[in-house]
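Undergrad: Input file: input-v6.cif. Contents: mmCIF, C-alpha atoms and all ligand atoms.
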data_upload
loop_
_atom_site.group_PDB
_atom_site.id
_atom_site.type_symbol
_atom_site.label_atom_id
_atom_site.label_comp_id
_atom_site.auth_asym_id
_atom_site.auth_seq_id
_atom_site.Cartn_x
_atom_site.Cartn_y
_atom_site.Cartn_z
ATOM 1 C CA MET A 875 45.372 39.239 65.453
ATOM 2 C CA THR A 876 42.641 37.028 66.900
ATOM 3 C CA VAL A 877 41.295 37.257 70.419
ATOM 4 C CA ASP A 878 40.877 34.060 72.385
ATOM 5 C CA ALA A 879 37.136 33.477 72.886
ATOM 6 C CA ARG A 880 37.450 32.489 76.557
ATOM 7 C CA SER A 881 39.580 35.553 77.378
ATOM 8 C CA PHE A 882 37.077 37.774 75.584
ATOM 9 C CA ARG A 883 34.136 36.315 77.546
ATOM 10 C CA ASN A 884 36.040 36.607 80.805
ATOM 11 C CA ALA A 885 36.948 40.222 80.070
ATOM 12 C CA CYS A 886 33.320 41.059 79.203
ATOM 13 C CA GLY A 887 32.293 39.478 82.524
ATOM 14 C CA LEU A 888 34.487 41.987 84.365
ATOM 15 C CA PHE A 889 32.112 44.740 83.343
ATOM 16 C CA GLY A 890 29.551 44.587 86.174
ATOM 17 C CA THR A 891 25.964 45.024 85.058
ATOM 18 C CA GLY A 892 22.389 44.853 86.195
ATOM 19 C CA VAL A 893 20.162 42.015 85.035
ATOM 20 C CA ILE A 894 17.151 42.490 82.775
ATOM 21 C CA ILE A 895 14.329 40.364 81.467
ATOM 22 C CA ALA A 896 13.555 41.530 77.940
ATOM 23 C CA THR A 897 9.980 40.703 76.950
ATOM 24 C CA CYS A 898 7.696 40.949 73.951
ATOM 25 C CA ALA A 899 4.539 39.323 72.628
ATOM 26 C CA ASP A 900 4.796 36.828 69.778
ATOM 27 C CA PRO A 901 2.454 37.150 66.760
ATOM 28 C CA SER A 902 -0.211 35.082 68.587
ATOM 29 C CA GLY A 903 0.033 37.418 71.601
ATOM 30 C CA ALA A 904 1.858 34.860 73.766
ATOM 31 C CA PRO A 905 4.438 36.294 76.179
ATOM 32 C CA VAL A 906 8.145 35.861 75.373
ATOM 33 C CA GLY A 907 11.056 36.673 77.664
ATOM 34 C CA VAL A 908 14.797 36.261 77.987
ATOM 35 C CA THR A 909 17.396 37.206 80.598
ATOM 36 C CA VAL A 910 19.879 39.745 79.224
ATOM 37 C CA ASN A 911 22.603 42.021 80.520
ATOM 38 C CA SER A 912 23.555 43.596 77.176
ATOM 39 C CA PHE A 913 21.636 46.746 78.057
ATOM 40 C CA SER A 914 22.696 50.298 77.359
ATOM 41 C CA SER A 915 20.981 53.615 77.429
ATOM 42 C CA VAL A 916 21.646 55.215 74.038
ATOM 43 C CA SER A 917 20.051 58.646 73.823
ATOM 44 C CA LEU A 918 18.202 61.013 76.150
ATOM 45 C CA ASP A 919 16.346 62.965 73.457
ATOM 46 C CA PRO A 920 14.789 60.963 71.982
ATOM 47 C CA PRO A 921 14.900 58.407 74.829
ATOM 48 C CA LEU A 922 16.561 55.316 73.351
ATOM 49 C CA VAL A 923 17.872 52.105 74.903
ATOM 50 C CA LEU A 924 19.303 48.908 73.412
ATOM 51 C CA PHE A 925 19.922 45.261 74.114
ATOM 52 C CA CYS A 926 21.373 42.418 72.035
ATOM 53 C CA ILE A 927 19.786 39.036 71.325
ATOM 54 C CA ASP A 928 21.734 35.927 70.369
ATOM 55 C CA HIS A 929 20.893 34.393 66.968
ATOM 56 C CA ARG A 930 20.668 31.021 68.736
ATOM 57 C CA ALA A 931 18.000 32.185 71.214
ATOM 58 C CA PHE A 932 14.554 30.682 70.635
ATOM 59 C CA SER A 933 13.140 34.118 71.445
ATOM 60 C CA ARG A 934 15.072 35.779 68.625
ATOM 61 C CA THR A 935 12.340 35.447 65.996
ATOM 62 C CA ALA A 936 9.693 36.881 68.295
ATOM 63 C CA PHE A 937 11.874 39.916 69.092
ATOM 64 C CA ARG A 938 12.821 40.342 65.435
ATOM 65 C CA ASP A 939 9.128 40.505 64.472
ATOM 66 C CA ALA A 940 7.858 42.486 67.476
ATOM 67 C CA LYS A 941 6.878 46.150 67.196
ATOM 68 C CA THR A 942 7.326 46.705 70.935
ATOM 69 C CA PHE A 943 9.389 45.246 73.767
ATOM 70 C CA ALA A 944 9.843 45.841 77.488
ATOM 71 C CA LEU A 945 13.060 45.755 79.531
ATOM 72 C CA ASN A 946 12.420 44.757 83.149
ATOM 73 C CA VAL A 947 15.355 45.647 85.435
ATOM 74 C CA LEU A 948 15.468 42.990 88.160
ATOM 75 C CA ALA A 949 15.566 43.650 91.889
ATOM 76 C CA ASP A 950 17.884 41.628 94.138
ATOM 77 C CA ASP A 951 15.034 39.356 95.271
ATOM 78 C CA GLN A 952 14.295 38.314 91.662
ATOM 79 C CA GLN A 953 17.247 36.003 90.945
ATOM 80 C CA SER A 954 14.859 33.077 90.465
ATOM 81 C CA LEU A 955 13.317 35.009 87.554
ATOM 82 C CA ALA A 956 16.770 35.591 86.054
ATOM 83 C CA ASP A 957 17.419 31.830 86.259
ATOM 84 C CA ARG A 958 14.008 30.958 84.833
ATOM 85 C CA PHE A 959 14.406 33.241 81.793
ATOM 86 C CA ALA A 960 18.015 32.201 81.140
ATOM 87 C CA ARG A 961 16.928 28.666 80.208
ATOM 88 C CA ALA A 962 15.221 27.740 76.971
ATOM 89 C CA SER A 963 11.672 26.702 77.843
ATOM 90 C CA ALA A 964 8.356 26.833 76.032
ATOM 91 C CA ASP A 965 6.516 27.999 79.127
ATOM 92 C CA LYS A 966 8.667 30.514 80.984
ATOM 93 C CA PHE A 967 5.615 32.508 82.109
ATOM 94 C CA SER A 968 3.752 29.552 83.622
ATOM 95 C CA GLY A 969 2.387 30.581 87.027
ATOM 96 C CA LEU A 970 4.047 33.978 86.788
ATOM 97 C CA ASP A 971 2.374 37.244 87.663
ATOM 98 C CA TYR A 972 2.711 39.864 84.900
ATOM 99 C CA VAL A 973 0.848 42.716 83.238
ATOM 100 C CA GLN A 974 0.524 43.234 79.486
ATOM 101 C CA GLY A 975 2.213 46.566 78.880
ATOM 102 C CA HIS A 976 2.754 48.680 75.767
ATOM 103 C CA GLY A 977 1.959 46.578 72.678
ATOM 104 C CA GLY A 978 1.410 43.496 74.863
ATOM 105 C CA ALA A 979 5.007 43.205 76.094
ATOM 106 C CA PRO A 980 4.961 41.710 79.624
ATOM 107 C CA VAL A 981 5.764 44.016 82.540
ATOM 108 C CA LEU A 982 6.956 42.119 85.632
ATOM 109 C CA PRO A 983 5.725 43.339 89.021
ATOM 110 C CA GLY A 984 8.490 43.984 91.552
ATOM 111 C CA ALA A 985 11.057 45.026 88.934
ATOM 112 C CA LEU A 986 13.278 47.977 89.869
ATOM 113 C CA ALA A 987 12.265 49.722 86.664
ATOM 114 C CA THR A 988 10.690 48.804 83.351
ATOM 115 C CA PHE A 989 11.327 50.491 80.017
ATOM 116 C CA GLU A 990 8.369 49.987 77.664
ATOM 117 C CA CYS A 991 9.594 50.550 74.118
ATOM 118 C CA ASP A 992 8.614 50.860 70.488
ATOM 119 C CA VAL A 993 11.194 49.243 68.225
ATOM 120 C CA GLU A 994 13.243 52.104 66.775
ATOM 121 C CA ALA A 995 15.836 50.111 64.827
ATOM 122 C CA GLN A 996 17.480 46.725 64.481
ATOM 123 C CA TYR A 997 21.115 46.287 63.504
ATOM 124 C CA PRO A 998 23.252 43.234 62.805
ATOM 125 C CA GLY A 999 25.885 42.700 65.493
ATOM 126 C CA GLY A 1000 27.911 39.621 64.625
ATOM 127 C CA ASP A 1001 26.156 36.599 66.144
ATOM 128 C CA HIS A 1002 23.637 38.909 67.897
ATOM 129 C CA ASP A 1003 20.944 41.335 66.735
ATOM 130 C CA ILE A 1004 21.077 44.825 68.261
ATOM 131 C CA LEU A 1005 17.577 46.026 69.132
ATOM 132 C CA VAL A 1006 17.099 49.731 69.771
ATOM 133 C CA GLY A 1007 13.920 50.809 71.523
ATOM 134 C CA ARG A 1008 12.323 54.220 71.806
ATOM 135 C CA VAL A 1009 11.034 54.446 75.367
ATOM 136 C CA ALA A 1010 7.270 55.063 75.414
ATOM 137 C CA ALA A 1011 6.810 54.630 79.180
ATOM 138 C CA VAL A 1012 8.888 53.955 82.267
ATOM 139 C CA ASP A 1013 7.679 52.272 85.433
ATOM 140 C CA ILE A 1014 9.750 52.758 88.589
ATOM 141 C CA GLY A 1015 9.599 50.167 91.387
ATOM 142 C CA PRO A 1016 9.699 50.691 95.145
ATOM 143 C CA ASP A 1017 12.177 53.353 96.421
ATOM 144 C CA GLU A 1018 13.958 50.971 98.777
ATOM 145 C CA ALA A 1019 14.427 48.201 96.183
ATOM 146 C CA LYS A 1020 18.002 47.151 95.389
ATOM 147 C CA PRO A 1021 19.360 45.830 92.080
ATOM 148 C CA LEU A 1022 20.321 42.288 91.142
ATOM 149 C CA LEU A 1023 23.865 42.542 89.774
ATOM 150 C CA TYR A 1024 26.009 40.303 87.560
ATOM 151 C CA PHE A 1025 29.806 40.231 87.664
ATOM 152 C CA GLY A 1026 32.423 37.594 86.901
ATOM 153 C CA GLY A 1027 29.810 35.063 85.833
ATOM 154 C CA ALA A 1028 27.861 35.242 89.123
ATOM 155 C CA TYR A 1029 24.933 37.156 90.569
ATOM 156 C CA ARG A 1030 25.907 39.767 93.153
ATOM 157 C CA ALA A 1031 24.271 42.132 95.599
ATOM 158 C CA LEU A 1032 24.964 45.835 95.968
ATOM 159 C CA ALA A 1033 27.300 46.707 98.830
ATOM 160 C CA GLU A 1034 27.468 50.160 100.371
ATOM 161 C CA ARG A 1035 30.882 51.811 100.264
HETATM 162 C C1 LIG B 1101 23.215 37.232 83.381
HETATM 163 C C2 LIG B 1101 22.861 36.763 81.993
HETATM 164 C C3 LIG B 1101 22.909 37.649 80.940
HETATM 165 C C4 LIG B 1101 22.551 37.257 79.644
HETATM 166 N N1 LIG B 1101 22.589 38.181 78.643
HETATM 167 C C5 LIG B 1101 22.176 37.831 77.403
HETATM 168 C C6 LIG B 1101 22.078 38.817 76.382
HETATM 169 O O1 LIG B 1101 22.392 39.980 76.576
HETATM 170 N N2 LIG B 1101 21.621 38.422 75.158
HETATM 171 C C7 LIG B 1101 21.251 37.125 74.912
HETATM 172 O O2 LIG B 1101 20.838 36.835 73.778
HETATM 173 N N3 LIG B 1101 21.341 36.166 75.860
HETATM 174 C C8 LIG B 1101 21.763 36.493 77.109
HETATM 175 N N4 LIG B 1101 21.816 35.559 78.097
HETATM 176 C C9 LIG B 1101 21.508 34.157 77.767
HETATM 177 C C10 LIG B 1101 20.001 33.889 77.644
HETATM 178 O O3 LIG B 1101 19.318 34.301 78.808
HETATM 179 C C11 LIG B 1101 19.772 32.368 77.410
HETATM 180 O O4 LIG B 1101 20.477 31.976 76.259
HETATM 181 C C12 LIG B 1101 18.320 32.000 77.278
HETATM 182 O O5 LIG B 1101 18.217 30.581 77.408
HETATM 183 C C13 LIG B 1101 17.690 32.358 75.954
HETATM 184 O O6 LIG B 1101 16.351 31.912 76.004
HETATM 185 P P1 LIG B 1101 15.577 31.444 74.698
HETATM 186 O O7 LIG B 1101 16.481 30.478 73.984
HETATM 187 O O8 LIG B 1101 14.298 30.849 75.212
HETATM 188 O O9 LIG B 1101 15.332 32.688 73.887
HETATM 189 C C14 LIG B 1101 22.172 35.919 79.398
HETATM 190 C C15 LIG B 1101 22.126 35.017 80.469
HETATM 191 C C16 LIG B 1101 22.458 35.429 81.751
HETATM 192 C C17 LIG B 1101 22.377 34.445 82.890
#
Transcribe the structure of this file into structure tokens.
Ligand SMILES: Cc1cc2nc3c(=O)[nH]c(=O)nc-3n(C[C@H](O)[C@H](O)[C@H](O)COP(=O)(O)O)c2cc1C
TA:
Amino acid sequence: MTVDARSFRNACGLFGTGVIIATCADPSGAPVGVTVNSFSSVSLDPPLVLFCIDHRAFSRTAFRDAKTFALNVLADDQQSLADRFARASADKFSGLDYVQGHGGAPVLPGALATFECDVEAQYPGGDHDILVGRVAAVDIGPDEAKPLLYFGGAYRALAER
């Protein structure tokens, strides 16, 4: 039995998520980043998280070779960053404020939270690579900050019940 690709994508889009910019430094130390929502916490002890990177992404090689990466969880006022890092561009960090975190992976100010990770493992996952990080540091943003959400192929805001 084969699953129709469009139905599969649509079904995946019905799982609401946050939005993350995964970052690392390339071998020359230049910042690399990509918008992802394939995040999961994996383990509490040790603290492990994962995300998946598409084989077609320009950033793939940099993440494959990196020893560290950071996962910046976006706040609801950071949609422009999500858009910027979801397009292939040689200069995604141009004019952008950031701090070099653990191993040089960029930490973005104003994020809800950032997980700074050492690469724990990499696994093949079909047309993606699965990158597992061991969390070396966490940075938590302002208390009142709200998340940028993604559902049904569109960005969303959190609504109170
Ligand atoms: C909300 C959202 C979630 C995304 N999640 C992923 C993801 O988990 N993994 C991935 O490889 N690409 C994901 N993408 C697509 C990449 O952001 C996009 O392909 C980007 O252009 C890759 O940049 P690069 O080619 O410079 O590496 C997502 C895009 C959006 C808008």
Undergrad: The PyMOL selection byres (((chain A and resi 1016-1025) around 10) and not hetatm) on the file shown: which residues, as number ranges by chain?
TA: A: 884, 886-894, 911, 947-953, 956, 984-987, 1014-1015, 1026-1033
Undergrad: So which one's closest to A:Asp965, A:Gln996, A:Ser917, A:Ser933, A:Ser881? Using only C-alpha atoms, please.
TA: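 Closest candidate: A:Ser933.
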Undergrad: Check which residues satisfy the PyMOL selection byres (((chain A and resi 1003-1009) around 8) and not hetatm) in the file shown, then give them as a PyMOL selection string.
TA: chain A and resi 920-929+942-943+989-1002+1010-1012
Undergrad: Select, from A:Ala944, A:Val910, A:Leu918, A:Ala962, the residue with the minimum atom-to-atom distance to A:Ala931, counting all atoms listed in the file.
TA: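 Among the listed residues, A:Ala962 lies closest to A:Ala931.
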Undergrad: Could you tell me how far atom N1 of ligand LIG 1101 (chain B) lies from atom CA of A:Phe913, in Å and to one decimal?
TA: 8.6 Å
